[in-house]
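> The file below is protein.txt, compact mmCIF, C-alpha atoms and all ligand atoms:
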```txt
# COMPACT_ATOMS: atom_id res chain seq x y z
CA MET Q 17 112.58 93.12 120.09
CA GLU Q 18 114.63 90.53 118.19
CA SER Q 19 114.52 88.08 121.11
CA GLN Q 20 110.74 88.30 121.62
CA LYS Q 21 108.60 85.21 121.13
CA PRO Q 22 106.82 84.94 117.78
CA GLU Q 23 103.68 87.01 117.42
CA ARG Q 24 100.68 86.86 115.14
CA ILE Q 25 100.76 89.87 112.85
CA LEU Q 26 97.92 91.14 110.71
CA SER Q 27 98.06 93.87 108.13
CA GLY Q 28 96.41 94.83 104.89
CA ILE Q 29 96.91 97.18 102.03
CA GLN Q 30 94.36 98.61 99.61
CA PRO Q 31 94.94 97.68 95.97
CA SER Q 32 94.69 101.28 94.90
CA GLY Q 33 97.42 101.68 92.29
CA ASP Q 34 101.18 101.72 91.81
CA LEU Q 35 103.30 100.99 94.87
CA HIS Q 36 105.90 103.56 95.89
CA LEU Q 37 108.92 103.90 98.19
CA GLY Q 38 106.63 104.98 101.06
CA ASN Q 39 104.68 101.74 100.79
CA TYR Q 40 107.90 99.75 100.73
CA PHE Q 41 109.61 101.32 103.76
CA GLY Q 42 106.37 101.98 105.64
CA ALA Q 43 104.72 98.61 105.08
CA ILE Q 44 106.30 95.87 102.94
CA GLU Q 45 109.74 96.00 104.56
CA GLN Q 46 108.15 95.67 108.01
CA PHE Q 47 106.34 92.54 106.85
CA THR Q 48 109.41 90.82 105.40
CA ARG Q 49 111.41 91.67 108.53
CA ARG Q 50 108.69 90.16 110.72
CA GLN Q 51 108.47 87.07 108.52
CA ASP Q 52 112.21 86.56 108.67
CA ARG Q 53 112.29 86.66 112.45
CA GLY Q 54 109.69 83.90 112.64
CA ASP Q 55 106.46 85.78 113.31
CA GLU Q 56 103.19 84.38 111.98
CA LEU Q 57 101.93 86.81 109.36
CA PHE Q 58 98.47 87.31 107.90
CA ILE Q 59 98.80 89.82 105.08
CA PHE Q 60 95.83 90.56 102.89
CA VAL Q 61 94.63 92.71 100.04
CA ALA Q 62 91.78 94.95 101.17
CA ASP Q 63 89.76 94.74 97.96
CA TRP Q 64 86.40 95.36 99.68
CA HIS Q 65 87.80 98.56 101.17
CA SER Q 66 89.00 99.76 97.80
CA LEU Q 67 85.45 99.58 96.40
CA THR Q 68 84.97 102.87 98.27
CA THR Q 69 87.23 104.49 95.66
CA ILE Q 70 87.84 102.18 92.67
CA LYS Q 71 84.86 102.05 90.36
CA LYS Q 72 86.32 100.12 87.40
CA ALA Q 73 86.28 96.33 87.66
CA ASP Q 74 89.35 95.83 85.46
CA ASP Q 75 91.39 98.31 87.48
CA LEU Q 76 90.51 96.48 90.68
CA ARG Q 77 91.40 93.06 89.24
CA LYS Q 78 94.70 94.35 87.87
CA ASN Q 79 95.65 96.13 91.09
CA VAL Q 80 94.95 93.07 93.24
CA LEU Q 81 97.27 90.89 91.15
CA GLN Q 82 99.94 93.58 91.18
CA ILE Q 83 99.92 93.95 94.90
CA VAL Q 84 100.18 90.22 95.54
CA ALA Q 85 102.97 90.02 92.94
CA ALA Q 86 104.75 92.84 94.78
CA TYR Q 87 104.49 91.07 98.14
CA MET Q 88 105.83 87.88 96.56
CA ALA Q 89 108.61 89.67 94.68
CA PHE Q 90 109.85 91.23 97.90
CA GLY Q 91 110.02 87.82 99.56
CA LEU Q 92 106.75 87.16 101.33
CA ASP Q 93 106.65 83.42 101.14
CA ALA Q 94 103.39 81.42 101.12
CA ASP Q 95 105.10 78.63 103.08
CA LYS Q 96 105.56 80.98 106.01
CA THR Q 97 103.06 83.78 105.53
CA THR Q 98 99.33 83.68 104.84
CA LEU Q 99 98.66 85.96 101.88
CA TYR Q 100 95.02 86.37 100.95
CA LYS Q 101 92.34 88.46 99.40
CA GLN Q 102 89.79 89.89 101.84
CA SER Q 103 86.84 89.13 99.55
CA ASP Q 104 87.84 85.44 99.44
CA ILE Q 105 86.66 85.14 103.05
CA PRO Q 106 82.93 86.01 103.11
CA GLU Q 107 82.74 85.27 106.87
CA ILE Q 108 84.47 88.63 107.42
CA GLN Q 109 81.23 90.31 106.33
CA GLU Q 110 79.21 88.52 108.99
CA ILE Q 111 81.76 89.57 111.61
CA THR Q 112 81.45 93.13 110.28
CA TRP Q 113 77.71 93.02 110.87
CA ILE Q 114 78.03 91.68 114.41
CA LEU Q 115 80.61 94.37 115.22
CA SER Q 116 78.57 97.11 113.59
CA CYS Q 117 75.87 96.37 116.15
CA GLN Q 118 78.44 97.39 118.80
CA ALA Q 119 79.78 100.42 116.94
CA ASN Q 120 78.81 103.88 118.06
CA MET Q 121 77.49 106.25 115.33
CA SER Q 122 79.26 109.35 116.61
CA ARG Q 123 82.60 107.53 116.89
CA LEU Q 124 82.34 106.63 113.20
CA GLN Q 125 81.18 110.12 112.25
CA ASN Q 126 84.42 111.39 113.75
CA ALA Q 127 86.69 108.85 112.05
CA HIS Q 128 89.15 110.71 109.82
CA SER Q 129 88.56 108.77 106.57
CA TYR Q 130 84.90 109.79 106.73
CA LYS Q 131 85.27 113.24 108.28
CA ASP Q 132 87.96 114.36 105.79
CA LYS Q 133 85.76 113.54 102.82
CA VAL Q 134 82.74 115.24 104.30
CA ALA Q 135 84.87 118.32 105.13
CA LYS Q 136 86.02 118.45 101.49
CA GLY Q 137 82.41 118.40 100.38
CA ILE Q 138 82.77 114.98 98.75
CA GLY Q 139 79.64 112.86 99.11
CA ALA Q 140 80.59 109.99 101.39
CA SER Q 141 79.08 106.55 100.80
CA VAL Q 142 77.72 104.29 103.53
CA GLY Q 143 80.71 102.07 102.69
CA LEU Q 144 83.10 104.85 103.58
CA PHE Q 145 81.17 105.50 106.78
CA THR Q 146 81.40 101.88 107.94
CA TYR Q 147 84.97 101.47 106.63
CA PRO Q 148 86.45 101.29 110.17
CA VAL Q 149 84.05 98.49 111.18
CA LEU Q 150 85.08 96.37 108.20
CA MET Q 151 88.66 97.09 109.16
CA ALA Q 152 87.94 95.97 112.73
CA ALA Q 153 86.51 92.72 111.37
CA ASP Q 154 89.69 92.20 109.27
CA ILE Q 155 91.81 92.64 112.33
CA LEU Q 156 89.80 90.84 114.99
CA CYS Q 157 88.85 87.82 112.86
CA VAL Q 158 92.36 86.36 113.00
CA GLN Q 159 92.94 87.18 116.70
CA SER Q 160 96.17 88.98 115.94
CA ASP Q 161 98.65 90.24 118.55
CA VAL Q 162 99.99 93.17 116.57
CA VAL Q 163 98.81 95.35 113.68
CA PRO Q 164 101.64 97.28 112.02
CA VAL Q 165 100.34 100.28 110.08
CA GLY Q 166 101.37 103.75 109.01
CA LYS Q 167 100.43 106.68 111.24
CA ASP Q 168 97.41 107.49 109.07
CA GLN Q 169 95.78 104.18 109.98
CA LYS Q 170 96.37 104.35 113.73
CA GLN Q 171 92.92 105.70 114.53
CA HIS Q 172 91.31 102.85 112.62
CA VAL Q 173 93.19 100.29 114.68
CA GLU Q 174 92.17 102.11 117.85
CA ILE Q 175 88.53 101.81 116.81
CA SER Q 176 89.11 98.08 116.27
CA ARG Q 177 90.52 97.77 119.77
CA GLU Q 178 87.52 99.58 121.23
CA LEU Q 179 85.11 97.30 119.37
CA ALA Q 180 86.91 94.20 120.63
CA GLU Q 181 86.73 95.52 124.18
CA LYS Q 182 83.06 96.37 123.83
CA PHE Q 183 82.24 92.94 122.43
CA ASN Q 184 84.21 91.21 125.19
CA LYS Q 185 82.45 93.27 127.83
CA ALA Q 186 79.02 92.46 126.43
CA TYR Q 187 79.52 88.76 125.75
CA GLY Q 188 82.58 87.62 127.71
CA LYS Q 189 86.19 87.42 126.58
CA THR Q 190 86.18 86.35 122.94
CA LEU Q 191 88.32 88.66 120.84
CA LYS Q 192 91.99 89.44 121.28
CA VAL Q 193 92.65 93.18 121.64
CA PRO Q 194 95.68 93.76 119.39
CA LYS Q 195 98.49 96.27 119.80
CA VAL Q 196 99.00 98.86 117.13
CA GLU Q 197 102.57 99.32 115.91
CA THR Q 198 103.67 102.45 114.09
CA PRO Q 199 107.36 102.47 113.30
CA GLU Q 200 108.43 105.94 114.45
CA GLU Q 201 111.85 106.04 112.82
CA ILE Q 202 110.48 105.57 109.33
CA ALA Q 203 107.04 106.92 110.04
CA VAL Q 204 106.95 109.25 107.06
CA ILE Q 205 108.88 108.81 103.84
CA PRO Q 206 109.07 112.14 102.02
CA GLY Q 207 107.90 112.46 98.44
CA THR Q 208 109.55 114.34 95.58
CA ASP Q 209 108.19 117.64 96.94
CA GLY Q 210 109.18 116.97 100.56
CA GLN Q 211 105.62 116.31 101.78
CA LYS Q 212 104.61 112.76 102.81
CA MET Q 213 104.98 110.50 99.78
CA SER Q 214 101.46 109.59 98.70
CA LYS Q 215 99.59 108.63 95.54
CA SER Q 216 97.08 111.34 96.32
CA TYR Q 217 99.78 114.07 96.27
CA GLY Q 218 101.31 112.95 92.95
CA ASN Q 219 104.80 113.06 94.52
CA THR Q 220 105.73 109.39 94.45
CA ILE Q 221 108.77 107.45 93.35
CA ASP Q 222 107.27 104.18 92.22
CA LEU Q 223 108.67 100.70 92.64
CA PHE Q 224 107.50 99.04 89.45
CA VAL Q 225 107.51 101.65 86.70
CA THR Q 226 109.83 101.61 83.67
CA ASP Q 227 113.46 102.70 84.10
CA LYS Q 228 112.66 105.83 82.14
CA LYS Q 229 109.77 106.84 84.37
CA LEU Q 230 111.76 106.03 87.50
CA LYS Q 231 114.56 108.33 86.32
CA LYS Q 232 112.04 111.05 85.58
CA GLN Q 233 110.52 110.75 89.04
CA VAL Q 234 113.93 110.91 90.74
CA ASN Q 235 114.88 113.93 88.61
CA SER Q 236 111.66 115.65 89.66
CA ILE Q 237 112.73 115.77 93.33
CA VAL Q 238 112.43 119.39 94.38
CA THR Q 239 115.71 121.02 95.48
CA LYS Q 240 116.63 124.49 96.71
CA PRO Q 241 118.27 126.70 94.08
CA ILE Q 242 121.89 127.43 94.92
CA ASP Q 243 124.82 129.18 93.19
CA GLN Q 244 127.33 126.98 91.38
CA GLY Q 245 130.18 125.73 93.54
CA GLN Q 246 128.34 126.66 96.74
CA PRO Q 247 127.79 123.90 99.30
CA LEU Q 248 124.37 122.23 99.30
CA GLY Q 249 122.54 121.99 102.62
CA TRP Q 250 122.11 118.27 103.29
CA GLU Q 251 119.91 118.74 106.37
CA THR Q 252 116.90 119.89 104.40
CA CYS Q 253 117.64 118.26 101.05
CA ASN Q 254 114.94 115.90 99.78
CA VAL Q 255 117.46 113.92 97.71
CA PHE Q 256 119.65 113.40 100.76
CA LYS Q 257 116.71 112.27 102.90
CA LEU Q 258 115.82 109.57 100.40
CA TYR Q 259 119.46 108.57 99.82
CA LYS Q 260 119.76 107.85 103.54
CA LEU Q 261 117.12 105.13 103.31
CA PHE Q 262 119.29 103.10 100.96
CA SER Q 263 122.77 103.64 102.30
CA SER Q 264 125.15 102.55 105.01
CA ALA Q 265 126.27 105.02 107.68
CA SER Q 266 129.64 105.47 105.96
CA GLU Q 267 128.02 106.15 102.57
CA VAL Q 268 125.78 108.74 104.20
CA GLU Q 269 128.81 110.40 105.82
CA GLU Q 270 130.59 110.45 102.47
CA LEU Q 271 127.68 112.13 100.72
CA LYS Q 272 127.32 114.59 103.60
CA LYS Q 273 130.97 115.54 103.15
CA LYS Q 274 130.49 116.11 99.43
CA TYR Q 275 127.50 118.35 100.15
CA GLU Q 276 129.48 120.37 102.67
CA GLU Q 277 132.53 120.72 100.40
CA GLY Q 278 130.35 121.84 97.53
CA SER Q 279 131.90 119.11 95.39
CA ILE Q 280 128.56 117.64 94.32
CA GLY Q 281 125.55 119.16 92.54
CA TYR Q 282 121.93 118.09 92.75
CA GLY Q 283 122.06 116.33 89.38
CA HIS Q 284 124.91 114.16 90.56
CA ALA Q 285 123.23 113.45 93.91
CA LYS Q 286 120.06 112.40 92.10
CA ALA Q 287 122.08 110.07 89.86
CA GLU Q 288 123.60 108.45 92.95
CA LEU Q 289 120.15 108.01 94.47
CA LEU Q 290 118.82 106.47 91.26
CA GLU Q 291 121.68 104.00 91.26
CA LYS Q 292 120.89 103.03 94.84
CA ILE Q 293 117.22 102.49 93.97
CA HIS Q 294 118.16 100.22 91.08
CA GLU Q 295 120.65 98.32 93.20
CA LYS Q 296 118.09 97.64 95.92
CA PHE Q 297 114.96 97.07 93.88
CA ASP Q 298 116.01 95.64 90.51
CA PRO Q 299 115.86 91.97 91.62
CA ALA Q 300 112.31 92.49 92.96
CA ARG Q 301 111.35 94.53 89.87
CA LYS Q 302 112.44 91.63 87.66
CA GLU Q 303 110.59 89.07 89.73
CA PHE Q 304 107.48 91.24 89.76
CA ALA Q 305 107.46 91.37 85.94
CA ARG Q 306 107.99 87.60 85.76
CA LEU Q 307 105.11 86.91 88.15
CA LEU Q 308 102.73 89.05 86.13
CA GLU Q 309 103.58 86.85 83.14
CA ASN Q 310 102.81 83.80 85.30
CA LYS Q 311 99.59 84.75 87.01
CA ASP Q 312 98.83 81.15 87.95
CA GLU Q 313 101.65 81.38 90.53
CA ILE Q 314 99.90 84.38 92.09
CA GLU Q 315 96.51 82.63 92.05
CA LYS Q 316 98.04 79.58 93.71
CA VAL Q 317 99.35 81.65 96.60
CA LEU Q 318 95.92 83.28 97.01
CA THR Q 319 94.20 79.89 97.06
CA ILE Q 320 96.49 78.66 99.83
CA GLY Q 321 95.88 81.91 101.74
CA LYS Q 322 92.14 81.63 101.33
CA GLU Q 323 92.13 78.18 102.90
CA ARG Q 324 94.48 79.02 105.74
CA ALA Q 325 92.96 82.35 106.71
CA GLY Q 326 89.43 81.01 106.15
CA GLU Q 327 89.98 78.30 108.72
CA VAL Q 328 91.07 80.79 111.39
CA VAL Q 329 88.28 83.24 110.59
CA ARG Q 330 85.58 80.55 110.64
CA LYS Q 331 86.71 79.54 114.11
CA THR Q 332 86.41 83.12 115.39
CA LEU Q 333 83.02 83.54 113.76
CA ALA Q 334 81.70 80.28 115.23
CA THR Q 335 82.57 81.51 118.73
CA MET Q 336 81.05 84.93 118.07
CA ARG Q 337 77.82 83.37 116.73
CA GLU Q 338 77.59 81.22 119.80
CA LYS Q 339 78.20 84.14 122.16
CA VAL Q 340 75.64 86.47 120.60
CA GLY Q 341 72.99 83.75 120.27
CA LEU Q 342 73.07 83.14 116.53
CA ALA Q 343 74.12 79.56 117.09
P1 LIG S 401 99.05 106.37 99.71
O1 LIG S 401 99.22 107.47 100.73
O2 LIG S 401 100.02 106.50 98.59
O3 LIG S 401 97.62 106.24 99.23
P2 LIG S 401 98.45 104.03 101.20
O4 LIG S 401 97.61 104.84 102.12
O5 LIG S 401 97.78 103.12 100.23
O6 LIG S 401 99.43 105.02 100.42
O7 LIG S 401 99.49 103.24 102.08
C1 LIG S 401 99.70 101.84 102.08
C2 LIG S 401 100.68 101.51 103.17
O8 LIG S 401 101.94 102.20 102.97
C3 LIG S 401 100.21 101.94 104.57
O9 LIG S 401 100.67 100.99 105.53
C4 LIG S 401 100.89 103.27 104.76
O10 LIG S 401 101.03 103.63 106.10
C5 LIG S 401 102.24 103.07 104.07
N1 LIG S 401 102.71 104.36 103.55
C6 LIG S 401 102.19 105.06 102.52
N2 LIG S 401 102.87 106.21 102.30
C7 LIG S 401 103.86 106.24 103.23
C8 LIG S 401 104.92 107.17 103.53
N3 LIG S 401 105.11 108.27 102.82
N4 LIG S 401 105.74 106.88 104.55
C9 LIG S 401 105.58 105.74 105.26
N5 LIG S 401 104.62 104.82 105.03
C10 LIG S 401 103.77 105.06 104.03
N1 LIG S 402 92.74 100.93 105.60
C1 LIG S 402 94.07 100.42 105.30
C2 LIG S 402 94.78 101.41 104.33
O1 LIG S 402 94.12 102.15 103.63
C3 LIG S 402 94.00 99.06 104.68
C4 LIG S 402 93.42 98.06 105.62
C5 LIG S 402 92.18 97.50 105.57
C6 LIG S 402 94.05 97.53 106.78
N2 LIG S 402 91.99 96.62 106.59
C7 LIG S 402 93.13 96.63 107.37
C8 LIG S 402 95.31 97.74 107.37
C9 LIG S 402 93.43 95.92 108.55
C10 LIG S 402 95.60 97.04 108.55
C11 LIG S 402 94.66 96.15 109.12
O2 LIG S 402 95.99 101.39 104.27
```
Would you mind writing the file out in structure tokens?

Amino acid sequence: MESQKPERILSGIQPSGDLHLGNYFGAIEQFTRRQDRGDELFIFVADWHSLTTIKKADDLRKNVLQIVAAYMAFGLDADKTTLYKQSDIPEIQEITWILSCQANMSRLQNAHSYKDKVAKGIGASVGLFTYPVLMAADILCVQSDVVPVGKDQKQHVEISRELAEKFNKAYGKTLKVPKVETPEEIAVIPGTDGQKMSKSYGNTIDLFVTDKKLKKQVNSIVTKPIDQGQPLGWETCNVFKLYKLFSSASEVEELKKKYEEGSIGYGHAKAELLEKIHEKFDPARKEFARLLENKDEIEKVLTIGKERAGEVVRKTLATMREKVGLA
């Protein structure tokens, strides 16, 4: 993988609230790794998508700035990577329309983001129904080679691939059919209760909360009750699973030994994990806070991204318009 030629990578994240360890290991870290090995990245904030859930304008504005600040704080660099806001590129909506004329109703009715809501009895909006088509437009408009996403988004990328193939079949080869990449080894970061870490389960350990709240979240990790002095089982321990993400092989072995000897309690293990989190994330946490005090730096990066991504998207749209007979 490391010796491969550079690829064009596209991914997006919804600005839907505080970022957590799952978002870091499942998404942000993949992006910085790709950037550092010389790939061409297009990373955007899916603010149109988040209108399906966020109904307060100020929340949306705040979340967008926070997410871009987070990307920047973790090292995404506007000189190398195109960072932009989806809604800054209106051409994506026209591409969405053209693709929606290819999309099959029953395929969308069976898409999980829509089906899950309907199954829960929540009234789904038309926006939620067409969510995968907008996502296909995001992906296909930059002609990306690879789309790295978490497992939960795999189906959406598959729908994008199908739409590209359908368009190409109808009008001749126009759109690149991208690969989907789901990193298996870190596919699911567990939350404080052992389930997948997710905002919607309230089991997150967040990246940019106060030290006090971070400590509280780490202390809330659920552990199995055990008698004093008895060894703790590391195999199933939620603290251990998270500790592993931050530590070298020898540190992991050392902690494993302490668990087996019964020379460490959960409180102590949680303190060690908290220290690791601070060690790894404090520089980015500081930079994040600084950026939010200097919002013009964030806006500048978004302006550069808007121009760069806009140019690529306009080229794709011009070809599509030509092919379908709009131009
Ligand atoms: P949440 O489940 O908290 O709402 P999102 O769906 O907004 O998180 O996820 C944003 C990005 O972070 C996606 O790429 C997603 O796959 C990744 N991600 C979220 N939670 C996890 C997790 N627990 N493990 C691995 N990746 C995750
Ligand atoms: N639906 C994705 C999520 O909720 C966000 C997203 C929107 C996206 N458009 C995308 C991800 C295009 C990858 C590619 O996480």
> Using only C-alpha atoms and all ligand atoms, find each residue with an atom at most 7 Å away from ligand LIG 402 (chain S) and format the answer as a ChimeraX atom specification.
/Q:26-30,62,65,151-152,154-155,163-165,169
> Considering all atoms listed in the file, can you say which of Q:Thr198, Q:Ser176, Q:Thr190, Q:Asn39 comes closest to ligand LIG 401 (chain S)?
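Checking each of Q:Thr198, Q:Ser176, Q:Thr190, Q:Asn39 against ligand LIG 401 (chain S), counting all atoms listed in the file, the winner is Q:Asn39.
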> Need the shell around Q:Leu289: protein/DNA/RNA residues with any atom at most 9 Å away, counting all atoms listed in the file. Skip same-chain ones fewer than 5 positions apart. Format as a PyMOL selection string?
chain Q and resi 234+255-256+258-259+262+284+294
> Please identify every residue of chain Q that has at least one atom no farther than 7 Å from an atom of ligand LIG 401 (chain S), counting only C-alpha atoms and all ligand atoms, and for each give the shortest atom pair and the distance in Å to one decimal, arranged by chain then increasing number, as a Markdown table.

```
| residue | atom | partner | partner_atom | distance |
| --- | --- | --- | --- | --- |
| Q:Ile29 | CA | S:LIG401 | C1 | 5.4 |
| Q:Gln30 | CA | S:LIG401 | O5 | 5.7 |
| Q:Ser32 | CA | S:LIG401 | O5 | 6.4 |
| Q:Gly38 | CA | S:LIG401 | C8 | 3.7 |
| Q:Asn39 | CA | S:LIG401 | O8 | 3.5 |
| Q:Tyr40 | CA | S:LIG401 | O8 | 6.8 |
| Q:Phe41 | CA | S:LIG401 | C9 | 6.2 |
| Q:Gly42 | CA | S:LIG401 | N5 | 3.4 |
| Q:Ala43 | CA | S:LIG401 | O9 | 4.7 |
| Q:Val165 | CA | S:LIG401 | O9 | 4.6 |
| Q:Gly166 | CA | S:LIG401 | O10 | 2.9 |
| Q:Lys167 | CA | S:LIG401 | O10 | 6.0 |
| Q:Asp168 | CA | S:LIG401 | O10 | 6.1 |
| Q:Gln169 | CA | S:LIG401 | O10 | 6.6 |
| Q:Ile202 | CA | S:LIG401 | C9 | 6.4 |
| Q:Ala203 | CA | S:LIG401 | C9 | 5.1 |
| Q:Val204 | CA | S:LIG401 | N4 | 3.7 |
| Q:Ile205 | CA | S:LIG401 | N4 | 3.8 |
| Q:Pro206 | CA | S:LIG401 | N3 | 5.6 |
| Q:Gly207 | CA | S:LIG401 | N3 | 6.7 |
| Q:Lys212 | CA | S:LIG401 | N3 | 4.5 |
| Q:Met213 | CA | S:LIG401 | N3 | 3.8 |
| Q:Ser214 | CA | S:LIG401 | O2 | 3.4 |
| Q:Lys215 | CA | S:LIG401 | O2 | 3.7 |
| Q:Ser216 | CA | S:LIG401 | O3 | 5.9 |
```
> If you count all atoms listed in the file, which residues fall within 6 Å of stretch 143-148 of chain Q, apart from same-chain ones fewer than 3 positions away, as an NGL selection string?
:Q and (68 or 130 or 151 or 172)
> Take stretch 300-325 of chain Q, model N, CA and C atoms, and hand the result over as a short mmCIF file (atom, residue, chain, number, x, y, z; two decimals), keeping the file's coordinate frame.

```
data_model
loop_
_atom_site.label_atom_id
_atom_site.label_comp_id
_atom_site.auth_asym_id
_atom_site.auth_seq_id
_atom_site.Cartn_x
_atom_site.Cartn_y
_atom_site.Cartn_z
N ALA Q 300 113.76 92.59 92.72
CA ALA Q 300 112.31 92.49 92.96
C ALA Q 300 111.53 92.98 91.73
N ARG Q 301 112.03 94.00 91.06
CA ARG Q 301 111.35 94.53 89.87
C ARG Q 301 111.29 93.46 88.77
N LYS Q 302 112.38 92.71 88.66
CA LYS Q 302 112.44 91.63 87.66
C LYS Q 302 111.46 90.51 88.01
N GLU Q 303 111.47 90.14 89.27
CA GLU Q 303 110.59 89.07 89.73
C GLU Q 303 109.12 89.47 89.61
N PHE Q 304 108.84 90.71 89.88
CA PHE Q 304 107.48 91.24 89.76
C PHE Q 304 107.00 91.08 88.31
N ALA Q 305 107.83 91.47 87.36
CA ALA Q 305 107.46 91.37 85.94
C ALA Q 305 107.25 89.90 85.56
N ARG Q 306 108.12 89.03 86.08
CA ARG Q 306 107.99 87.60 85.76
C ARG Q 306 106.68 87.04 86.32
N LEU Q 307 106.35 87.42 87.54
CA LEU Q 307 105.11 86.91 88.15
C LEU Q 307 103.88 87.35 87.36
N LEU Q 308 103.91 88.58 86.88
CA LEU Q 308 102.73 89.05 86.13
C LEU Q 308 102.57 88.33 84.80
N GLU Q 309 103.66 87.70 84.34
CA GLU Q 309 103.58 86.85 83.14
C GLU Q 309 103.16 85.43 83.53
N ASN Q 310 103.16 85.15 84.81
CA ASN Q 310 102.81 83.80 85.30
C ASN Q 310 101.77 83.92 86.40
N LYS Q 311 100.62 84.41 86.01
CA LYS Q 311 99.59 84.75 87.01
C LYS Q 311 99.11 83.54 87.81
N ASP Q 312 99.27 82.34 87.22
CA ASP Q 312 98.83 81.15 87.95
C ASP Q 312 99.60 81.00 89.27
N GLU Q 313 100.85 81.46 89.28
CA GLU Q 313 101.65 81.38 90.53
C GLU Q 313 101.03 82.29 91.60
N ILE Q 314 100.53 83.43 91.14
CA ILE Q 314 99.90 84.38 92.09
C ILE Q 314 98.59 83.78 92.60
N GLU Q 315 97.81 83.23 91.67
CA GLU Q 315 96.51 82.63 92.05
C GLU Q 315 96.70 81.49 93.04
N LYS Q 316 97.79 80.73 92.83
CA LYS Q 316 98.04 79.58 93.71
C LYS Q 316 98.28 80.05 95.15
N VAL Q 317 99.06 81.11 95.27
CA VAL Q 317 99.35 81.65 96.60
C VAL Q 317 98.05 82.14 97.26
N LEU Q 318 97.19 82.78 96.46
CA LEU Q 318 95.92 83.28 97.01
C LEU Q 318 94.99 82.15 97.43
N THR Q 319 95.04 81.04 96.70
CA THR Q 319 94.20 79.89 97.06
C THR Q 319 94.66 79.30 98.39
N ILE Q 320 95.97 79.18 98.55
CA ILE Q 320 96.49 78.66 99.83
C ILE Q 320 96.08 79.59 100.96
N GLY Q 321 96.21 80.91 100.72
CA GLY Q 321 95.88 81.91 101.74
C GLY Q 321 94.41 81.87 102.11
N LYS Q 322 93.58 81.69 101.10
CA LYS Q 322 92.14 81.63 101.33
C LYS Q 322 91.78 80.48 102.28
N GLU Q 323 92.42 79.34 102.04
CA GLU Q 323 92.13 78.18 102.90
C GLU Q 323 92.62 78.40 104.32
N ARG Q 324 93.87 78.87 104.41
CA ARG Q 324 94.48 79.02 105.74
C ARG Q 324 93.78 80.10 106.57
N ALA Q 325 93.59 81.26 105.96
CA ALA Q 325 92.96 82.35 106.71
C ALA Q 325 91.50 82.00 106.98
#
```
